[in-house]
>>> print(open('input-v9.cif').read())   # mmCIF, N, CA and C atoms and all ligand atoms
data_structure
loop_
_atom_site.label_atom_id
_atom_site.label_comp_id
_atom_site.auth_asym_id
_atom_site.auth_seq_id
_atom_site.Cartn_x
_atom_site.Cartn_y
_atom_site.Cartn_z
N MET B 950 68.96 80.83 98.66
CA MET B 950 69.91 81.96 98.77
C MET B 950 69.66 82.69 100.09
N SER B 951 70.73 82.88 100.82
CA SER B 951 70.55 83.57 102.10
C SER B 951 70.53 85.08 101.89
N LEU B 952 69.71 85.73 102.66
CA LEU B 952 69.58 87.18 102.54
C LEU B 952 70.45 87.87 103.58
N LYS B 953 71.00 89.01 103.17
CA LYS B 953 71.83 89.80 104.07
C LYS B 953 71.01 90.98 104.57
N LEU B 954 71.34 91.42 105.77
CA LEU B 954 70.71 92.62 106.30
C LEU B 954 71.62 93.80 106.06
N CYS B 955 71.05 94.93 105.66
CA CYS B 955 71.81 96.16 105.56
C CYS B 955 72.36 96.47 106.95
N GLN B 956 73.62 96.87 107.02
CA GLN B 956 74.24 97.15 108.32
C GLN B 956 74.06 98.60 108.75
N GLY B 957 73.32 99.38 107.96
CA GLY B 957 73.04 100.77 108.32
C GLY B 957 72.32 100.85 109.66
N THR B 958 72.81 101.71 110.53
CA THR B 958 72.25 101.79 111.88
C THR B 958 70.87 102.43 111.91
N SER B 959 70.51 103.14 110.83
CA SER B 959 69.19 103.80 110.80
C SER B 959 68.36 103.36 109.60
N CYS B 960 68.74 102.26 108.97
CA CYS B 960 68.05 101.79 107.76
C CYS B 960 66.53 101.71 108.00
N HIS B 961 66.12 101.18 109.15
CA HIS B 961 64.70 100.97 109.45
C HIS B 961 63.93 102.28 109.64
N THR B 962 64.67 103.39 109.80
CA THR B 962 63.98 104.67 110.05
C THR B 962 63.62 105.39 108.76
N TYR B 963 64.16 104.91 107.62
CA TYR B 963 63.78 105.50 106.34
C TYR B 963 62.50 104.80 105.89
N ASN B 964 61.37 105.46 106.06
CA ASN B 964 60.10 104.76 105.87
C ASN B 964 59.65 104.69 104.42
N THR B 965 60.43 103.94 103.64
CA THR B 965 60.05 103.67 102.25
C THR B 965 59.14 102.44 102.22
N LYS B 966 58.33 102.34 101.19
CA LYS B 966 57.36 101.26 101.06
C LYS B 966 58.01 99.88 101.15
N ASP B 967 59.19 99.74 100.51
CA ASP B 967 59.83 98.42 100.49
C ASP B 967 60.35 97.99 101.86
N ARG B 968 60.44 98.90 102.81
CA ARG B 968 60.88 98.54 104.16
C ARG B 968 59.72 98.15 105.07
N LEU B 969 58.49 98.37 104.60
CA LEU B 969 57.31 98.05 105.40
C LEU B 969 57.00 96.56 105.27
N LYS B 970 57.20 95.81 106.36
CA LYS B 970 57.06 94.36 106.31
C LYS B 970 56.18 93.87 107.46
N GLY B 971 55.68 92.65 107.28
CA GLY B 971 54.90 92.03 108.35
C GLY B 971 53.48 91.75 107.90
N THR B 972 52.71 91.13 108.79
CA THR B 972 51.32 90.82 108.47
C THR B 972 50.46 92.06 108.67
N LYS B 973 49.30 92.03 108.10
CA LYS B 973 48.44 93.21 107.99
C LYS B 973 48.46 94.21 109.14
N GLU B 974 48.14 93.74 110.35
CA GLU B 974 48.07 94.70 111.46
C GLU B 974 49.39 94.89 112.19
N ASN B 975 50.35 94.09 111.83
CA ASN B 975 51.65 94.19 112.52
C ASN B 975 52.79 94.65 111.62
N LYS B 976 52.47 95.45 110.65
CA LYS B 976 53.51 95.94 109.73
C LYS B 976 54.41 96.95 110.43
N THR B 977 55.71 96.80 110.21
CA THR B 977 56.67 97.77 110.74
C THR B 977 57.70 98.07 109.65
N PHE B 978 58.31 99.23 109.75
CA PHE B 978 59.42 99.54 108.86
C PHE B 978 60.63 98.80 109.39
N GLN B 979 61.27 98.04 108.50
CA GLN B 979 62.37 97.18 108.92
C GLN B 979 63.63 97.42 108.09
N THR B 980 64.75 97.02 108.68
CA THR B 980 66.04 97.05 107.98
C THR B 980 65.90 96.28 106.66
N ARG B 981 66.45 96.83 105.58
CA ARG B 981 66.39 96.16 104.28
C ARG B 981 67.15 94.84 104.31
N ARG B 982 66.59 93.85 103.59
CA ARG B 982 67.14 92.50 103.50
C ARG B 982 67.20 92.15 102.03
N ARG B 983 68.40 91.84 101.55
CA ARG B 983 68.57 91.52 100.12
C ARG B 983 69.63 90.44 99.95
N SER B 984 69.66 89.85 98.76
CA SER B 984 70.71 88.86 98.49
C SER B 984 72.07 89.53 98.31
N SER B 985 72.06 90.80 97.85
CA SER B 985 73.33 91.52 97.73
C SER B 985 73.07 93.03 97.80
N PHE B 986 74.10 93.74 98.23
CA PHE B 986 74.04 95.20 98.28
C PHE B 986 75.19 95.77 97.47
N TYR B 987 75.03 96.99 96.98
CA TYR B 987 76.06 97.61 96.15
C TYR B 987 77.07 98.44 96.92
N TYR B 988 76.74 98.85 98.12
CA TYR B 988 77.59 99.82 98.81
C TYR B 988 78.39 99.19 99.95
N GLY B 989 79.53 99.82 100.23
CA GLY B 989 80.35 99.41 101.38
C GLY B 989 80.71 97.94 101.36
N ASN B 990 81.31 97.47 100.27
CA ASN B 990 81.70 96.06 100.13
C ASN B 990 80.52 95.11 100.35
N GLY B 991 79.35 95.53 99.91
CA GLY B 991 78.18 94.66 99.99
C GLY B 991 77.51 94.65 101.35
N ASN B 992 77.77 95.65 102.18
CA ASN B 992 77.18 95.69 103.51
C ASN B 992 76.02 96.67 103.68
N PHE B 993 75.86 97.57 102.71
CA PHE B 993 74.85 98.62 102.88
C PHE B 993 73.96 98.75 101.65
N CYS B 994 72.67 99.08 101.90
CA CYS B 994 71.70 99.20 100.81
C CYS B 994 71.82 100.54 100.10
N SER B 995 72.44 101.52 100.73
CA SER B 995 72.53 102.85 100.12
C SER B 995 73.73 103.59 100.69
N LEU B 996 74.11 104.67 100.01
CA LEU B 996 75.19 105.52 100.56
C LEU B 996 74.75 106.15 101.87
N ASN B 997 73.45 106.48 101.98
CA ASN B 997 72.94 107.02 103.25
C ASN B 997 73.22 106.07 104.39
N CYS B 998 72.92 104.78 104.19
CA CYS B 998 73.12 103.80 105.26
C CYS B 998 74.62 103.63 105.55
N GLN B 999 75.45 103.65 104.51
CA GLN B 999 76.90 103.57 104.72
C GLN B 999 77.38 104.77 105.54
N ASN B 1000 76.89 105.95 105.20
CA ASN B 1000 77.29 107.15 105.95
C ASN B 1000 76.79 107.12 107.39
N ASP B 1001 75.56 106.61 107.60
CA ASP B 1001 75.03 106.49 108.96
C ASP B 1001 75.95 105.62 109.81
N TRP B 1002 76.36 104.48 109.23
CA TRP B 1002 77.24 103.56 109.96
C TRP B 1002 78.55 104.25 110.28
N PHE B 1003 79.11 104.94 109.27
CA PHE B 1003 80.40 105.58 109.50
C PHE B 1003 80.29 106.68 110.55
N ASN B 1004 79.20 107.44 110.52
CA ASN B 1004 79.01 108.49 111.53
C ASN B 1004 78.93 107.90 112.93
N ASP B 1005 78.33 106.72 113.05
CA ASP B 1005 78.18 106.08 114.37
C ASP B 1005 79.45 105.34 114.80
N PHE B 1006 80.14 104.68 113.87
CA PHE B 1006 81.23 103.77 114.24
C PHE B 1006 82.58 104.07 113.59
N GLY B 1007 82.64 104.97 112.63
CA GLY B 1007 83.85 105.18 111.85
C GLY B 1007 85.07 105.52 112.69
N THR B 1008 84.91 106.43 113.62
CA THR B 1008 86.06 106.83 114.45
C THR B 1008 86.56 105.66 115.29
N LYS B 1009 85.61 104.88 115.86
CA LYS B 1009 86.01 103.70 116.64
C LYS B 1009 86.73 102.69 115.74
N ALA B 1010 86.24 102.51 114.51
CA ALA B 1010 86.85 101.55 113.58
C ALA B 1010 88.26 101.98 113.22
N ILE B 1011 88.46 103.26 112.94
CA ILE B 1011 89.80 103.75 112.61
C ILE B 1011 90.73 103.56 113.79
N ASP B 1012 90.26 103.89 114.98
CA ASP B 1012 91.11 103.70 116.17
C ASP B 1012 91.42 102.23 116.39
N HIS B 1013 90.45 101.35 116.11
CA HIS B 1013 90.66 99.91 116.30
C HIS B 1013 91.68 99.35 115.31
N PHE B 1014 91.57 99.72 114.02
CA PHE B 1014 92.43 99.12 113.00
C PHE B 1014 93.71 99.89 112.77
N GLY B 1015 93.84 101.05 113.37
CA GLY B 1015 95.09 101.78 113.28
C GLY B 1015 94.94 103.13 112.60
N ARG B 1016 95.03 104.16 113.39
CA ARG B 1016 94.94 105.52 112.87
C ARG B 1016 96.29 105.94 112.32
N LEU B 1017 96.32 106.59 111.16
CA LEU B 1017 97.57 107.12 110.62
C LEU B 1017 98.06 108.21 111.56
N THR B 1018 99.34 108.15 111.87
CA THR B 1018 99.91 109.19 112.74
C THR B 1018 100.95 110.01 111.99
N GLU B 1019 101.35 109.50 110.81
CA GLU B 1019 102.29 110.22 109.95
C GLU B 1019 101.82 110.07 108.52
N PRO B 1020 102.12 111.04 107.66
CA PRO B 1020 101.70 110.88 106.26
C PRO B 1020 102.42 109.72 105.59
N LYS B 1021 101.72 109.03 104.69
CA LYS B 1021 102.36 107.99 103.88
C LYS B 1021 103.08 108.68 102.73
N HIS B 1022 104.10 108.01 102.18
CA HIS B 1022 104.86 108.57 101.07
C HIS B 1022 104.81 107.63 99.88
N LEU B 1023 104.60 108.19 98.68
CA LEU B 1023 104.66 107.40 97.46
C LEU B 1023 106.13 107.16 97.13
N THR B 1024 106.50 105.86 97.05
CA THR B 1024 107.87 105.48 96.73
C THR B 1024 107.83 104.46 95.60
N GLU B 1025 108.98 104.12 95.04
CA GLU B 1025 109.02 103.09 93.99
C GLU B 1025 108.38 101.78 94.45
N GLU B 1026 108.51 101.48 95.74
CA GLU B 1026 108.03 100.20 96.28
C GLU B 1026 106.52 100.13 96.40
N ASN B 1027 105.83 101.29 96.46
CA ASN B 1027 104.37 101.23 96.60
C ASN B 1027 103.64 102.03 95.51
N ALA B 1028 104.35 102.26 94.40
CA ALA B 1028 103.78 103.12 93.36
C ALA B 1028 103.10 102.34 92.23
N TRP B 1029 102.89 101.02 92.42
CA TRP B 1029 102.25 100.22 91.37
C TRP B 1029 100.74 100.44 91.41
N SER B 1030 100.14 100.71 90.24
CA SER B 1030 98.69 100.79 90.17
C SER B 1030 98.19 99.99 88.97
N LYS B 1031 97.03 99.35 89.16
CA LYS B 1031 96.46 98.51 88.12
C LYS B 1031 95.78 99.37 87.06
N ARG B 1032 96.00 99.02 85.80
CA ARG B 1032 95.46 99.79 84.68
C ARG B 1032 94.86 98.85 83.65
N ILE B 1033 93.97 99.41 82.84
CA ILE B 1033 93.41 98.71 81.68
C ILE B 1033 93.69 99.55 80.46
N ASN B 1034 94.10 98.88 79.38
CA ASN B 1034 94.25 99.58 78.11
C ASN B 1034 92.88 99.58 77.43
N TRP B 1035 92.14 100.70 77.57
CA TRP B 1035 90.76 100.77 77.07
C TRP B 1035 90.70 100.88 75.56
N SER B 1036 91.82 101.14 74.90
CA SER B 1036 91.77 101.35 73.46
C SER B 1036 91.60 100.03 72.70
N THR B 1037 91.86 98.90 73.38
CA THR B 1037 91.68 97.61 72.71
C THR B 1037 90.24 97.14 72.89
N ASP B 1038 89.78 96.25 72.01
CA ASP B 1038 88.41 95.77 72.14
C ASP B 1038 88.27 94.85 73.36
N TYR B 1039 87.03 94.63 73.78
CA TYR B 1039 86.75 93.93 75.03
C TYR B 1039 87.46 92.58 75.12
N GLN B 1040 87.42 91.80 74.05
CA GLN B 1040 88.02 90.46 74.07
C GLN B 1040 89.53 90.51 74.29
N ASN B 1041 90.16 91.55 73.76
CA ASN B 1041 91.62 91.64 73.84
C ASN B 1041 92.10 92.74 74.78
N ARG B 1042 91.24 93.08 75.71
CA ARG B 1042 91.59 94.12 76.67
C ARG B 1042 92.88 93.74 77.40
N GLN B 1043 93.78 94.73 77.53
CA GLN B 1043 95.06 94.45 78.17
C GLN B 1043 95.09 95.04 79.58
N TYR B 1044 95.50 94.19 80.52
CA TYR B 1044 95.61 94.60 81.91
C TYR B 1044 97.09 94.72 82.26
N PHE B 1045 97.44 95.73 82.99
CA PHE B 1045 98.86 95.87 83.34
C PHE B 1045 99.03 96.68 84.62
N TYR B 1046 100.20 96.51 85.20
CA TYR B 1046 100.61 97.31 86.33
C TYR B 1046 101.50 98.43 85.81
N ARG B 1047 101.38 99.62 86.39
CA ARG B 1047 102.24 100.73 85.99
C ARG B 1047 102.80 101.33 87.28
N ASN B 1048 104.12 101.50 87.29
CA ASN B 1048 104.74 102.13 88.45
C ASN B 1048 104.74 103.64 88.22
N GLU B 1049 104.05 104.36 89.09
CA GLU B 1049 103.84 105.80 88.89
C GLU B 1049 105.11 106.61 89.07
N ILE B 1050 106.15 106.02 89.63
CA ILE B 1050 107.41 106.74 89.77
C ILE B 1050 108.38 106.38 88.66
N THR B 1051 108.61 105.07 88.44
CA THR B 1051 109.58 104.66 87.42
C THR B 1051 108.96 104.60 86.02
N LYS B 1052 107.62 104.60 85.93
CA LYS B 1052 106.86 104.47 84.66
C LYS B 1052 106.98 103.07 84.05
N GLU B 1053 107.61 102.12 84.77
CA GLU B 1053 107.70 100.74 84.28
C GLU B 1053 106.30 100.13 84.21
N GLN B 1054 106.08 99.28 83.19
CA GLN B 1054 104.80 98.58 83.07
C GLN B 1054 105.05 97.09 83.06
N ARG B 1055 104.16 96.34 83.73
CA ARG B 1055 104.24 94.87 83.73
C ARG B 1055 102.86 94.32 83.43
N PRO B 1056 102.77 93.30 82.57
CA PRO B 1056 101.46 92.74 82.22
C PRO B 1056 100.80 92.04 83.41
N LEU B 1057 99.46 92.07 83.41
CA LEU B 1057 98.66 91.41 84.44
C LEU B 1057 97.64 90.53 83.74
N THR B 1058 97.23 89.44 84.38
CA THR B 1058 96.10 88.69 83.86
C THR B 1058 94.83 89.38 84.37
N LYS B 1059 93.70 89.07 83.74
CA LYS B 1059 92.42 89.63 84.18
C LYS B 1059 92.15 89.23 85.63
N GLU B 1060 92.50 87.98 85.99
CA GLU B 1060 92.29 87.48 87.35
C GLU B 1060 93.13 88.29 88.35
N GLN B 1061 94.39 88.56 88.00
CA GLN B 1061 95.24 89.36 88.88
C GLN B 1061 94.68 90.77 89.01
N TYR B 1062 94.16 91.32 87.90
CA TYR B 1062 93.60 92.67 87.91
C TYR B 1062 92.42 92.73 88.88
N GLU B 1063 91.56 91.71 88.83
CA GLU B 1063 90.34 91.73 89.64
C GLU B 1063 90.56 91.27 91.08
N ASP B 1064 91.69 90.63 91.37
CA ASP B 1064 91.99 90.16 92.72
C ASP B 1064 92.46 91.34 93.58
N ARG B 1065 91.62 91.75 94.50
CA ARG B 1065 91.93 92.93 95.32
C ARG B 1065 93.14 92.70 96.23
N ASN B 1066 93.47 91.43 96.46
CA ASN B 1066 94.62 91.13 97.32
C ASN B 1066 95.94 91.04 96.55
N TYR B 1067 95.85 90.96 95.21
CA TYR B 1067 97.05 90.83 94.42
C TYR B 1067 97.70 92.20 94.22
N THR B 1068 98.95 92.32 94.60
CA THR B 1068 99.64 93.60 94.45
C THR B 1068 101.14 93.39 94.27
N LEU B 1069 101.77 94.31 93.59
CA LEU B 1069 103.24 94.33 93.50
C LEU B 1069 103.82 95.26 94.55
N ASN B 1070 102.95 96.04 95.19
CA ASN B 1070 103.44 96.98 96.19
C ASN B 1070 103.96 96.24 97.42
N THR B 1071 105.15 96.62 97.88
CA THR B 1071 105.73 95.91 99.00
C THR B 1071 105.59 96.66 100.32
N ILE B 1072 105.31 97.96 100.28
CA ILE B 1072 105.08 98.68 101.54
C ILE B 1072 103.89 99.62 101.40
ZN ZN B 1101 70.06 100.34 104.57
#
>>> encode(input="input-v9.cif", output="structure tokens")
Amino acid sequence: MSLKLCQGTSCHTYNTKDRLKGTKENKTFQTRRRSSFYYGNGNFCSLNCQNDWFNDFGTKAIDHFGRLTEPKHLTEENAWSKRINWSTDYQNRQYFYRNEITKEQRPLTKEQYEDRNYTLNTI
């Protein structure tokens, strides 16, 4: 299994015991390395590291990928949101799309619910 490095720009400066690596006389605090991380789409070991990255690069990233220059508007075309009917038991849990403007509901499969790229929104 390959290990990932936390992308936090200051991860190595948080001198926790688990970051201290190396042979006896050459131990240094190092960026965390794990098979998976919970934060920032699996890129950061902690919210602190995610925030450090954003403080250093967030503005550049927004400018690179496109800064909003006008407010977005909720319309029928982009008002679909994924929902779960929690009142049913786990085996029969129902997944559906609900349009927040028209209140229309459409069934979803579990796979469609979990697929972050699957959407009914057109704009
Ligand atoms: Zn980190």
>>> residues_near_ligand(input="input-v9.cif", ligand="ligand ZN 1101 (chain B)", cutoff="8 Å", atoms="all atoms listed in the file", output="PyMOL selection string")
chain B and resi 954-961+979-982+992-999
>>> closest_residue(input="input-v9.cif", among="B:Lys1009, B:Lys953, B:Glu974, B:Asp1064", to="Phe986 in chain B", atoms="all atoms listed in the file")
B:Lys953
>>> atom_distance(input="input-v9.cif", atom1="atom C of Trp1029 in chain B", atom2="CA of Tyr1044 in chain B")
12.3 Å
>>> select_by_dssp(input="input-v9.cif", residues="chain B", states="strand (DSSP E or B)", output="ChimeraX atom specification")
/B:953-954,969-970,977-978,982-983,988,993,1029-1034,1043-1048,1054-1057
>>> atom_distance(input="input-v9.cif", atom1="atom N of Gln1040 in chain B", atom2="CA of Thr1058 in chain B")
13.5 Å
>>> closest_residue(input="input-v9.cif", among="B:Gln1061, B:Asn1070, B:Thr1018, B:Thr1008", to="Ser1030 in chain B", atoms="only C-alpha atoms")
B:Asn1070
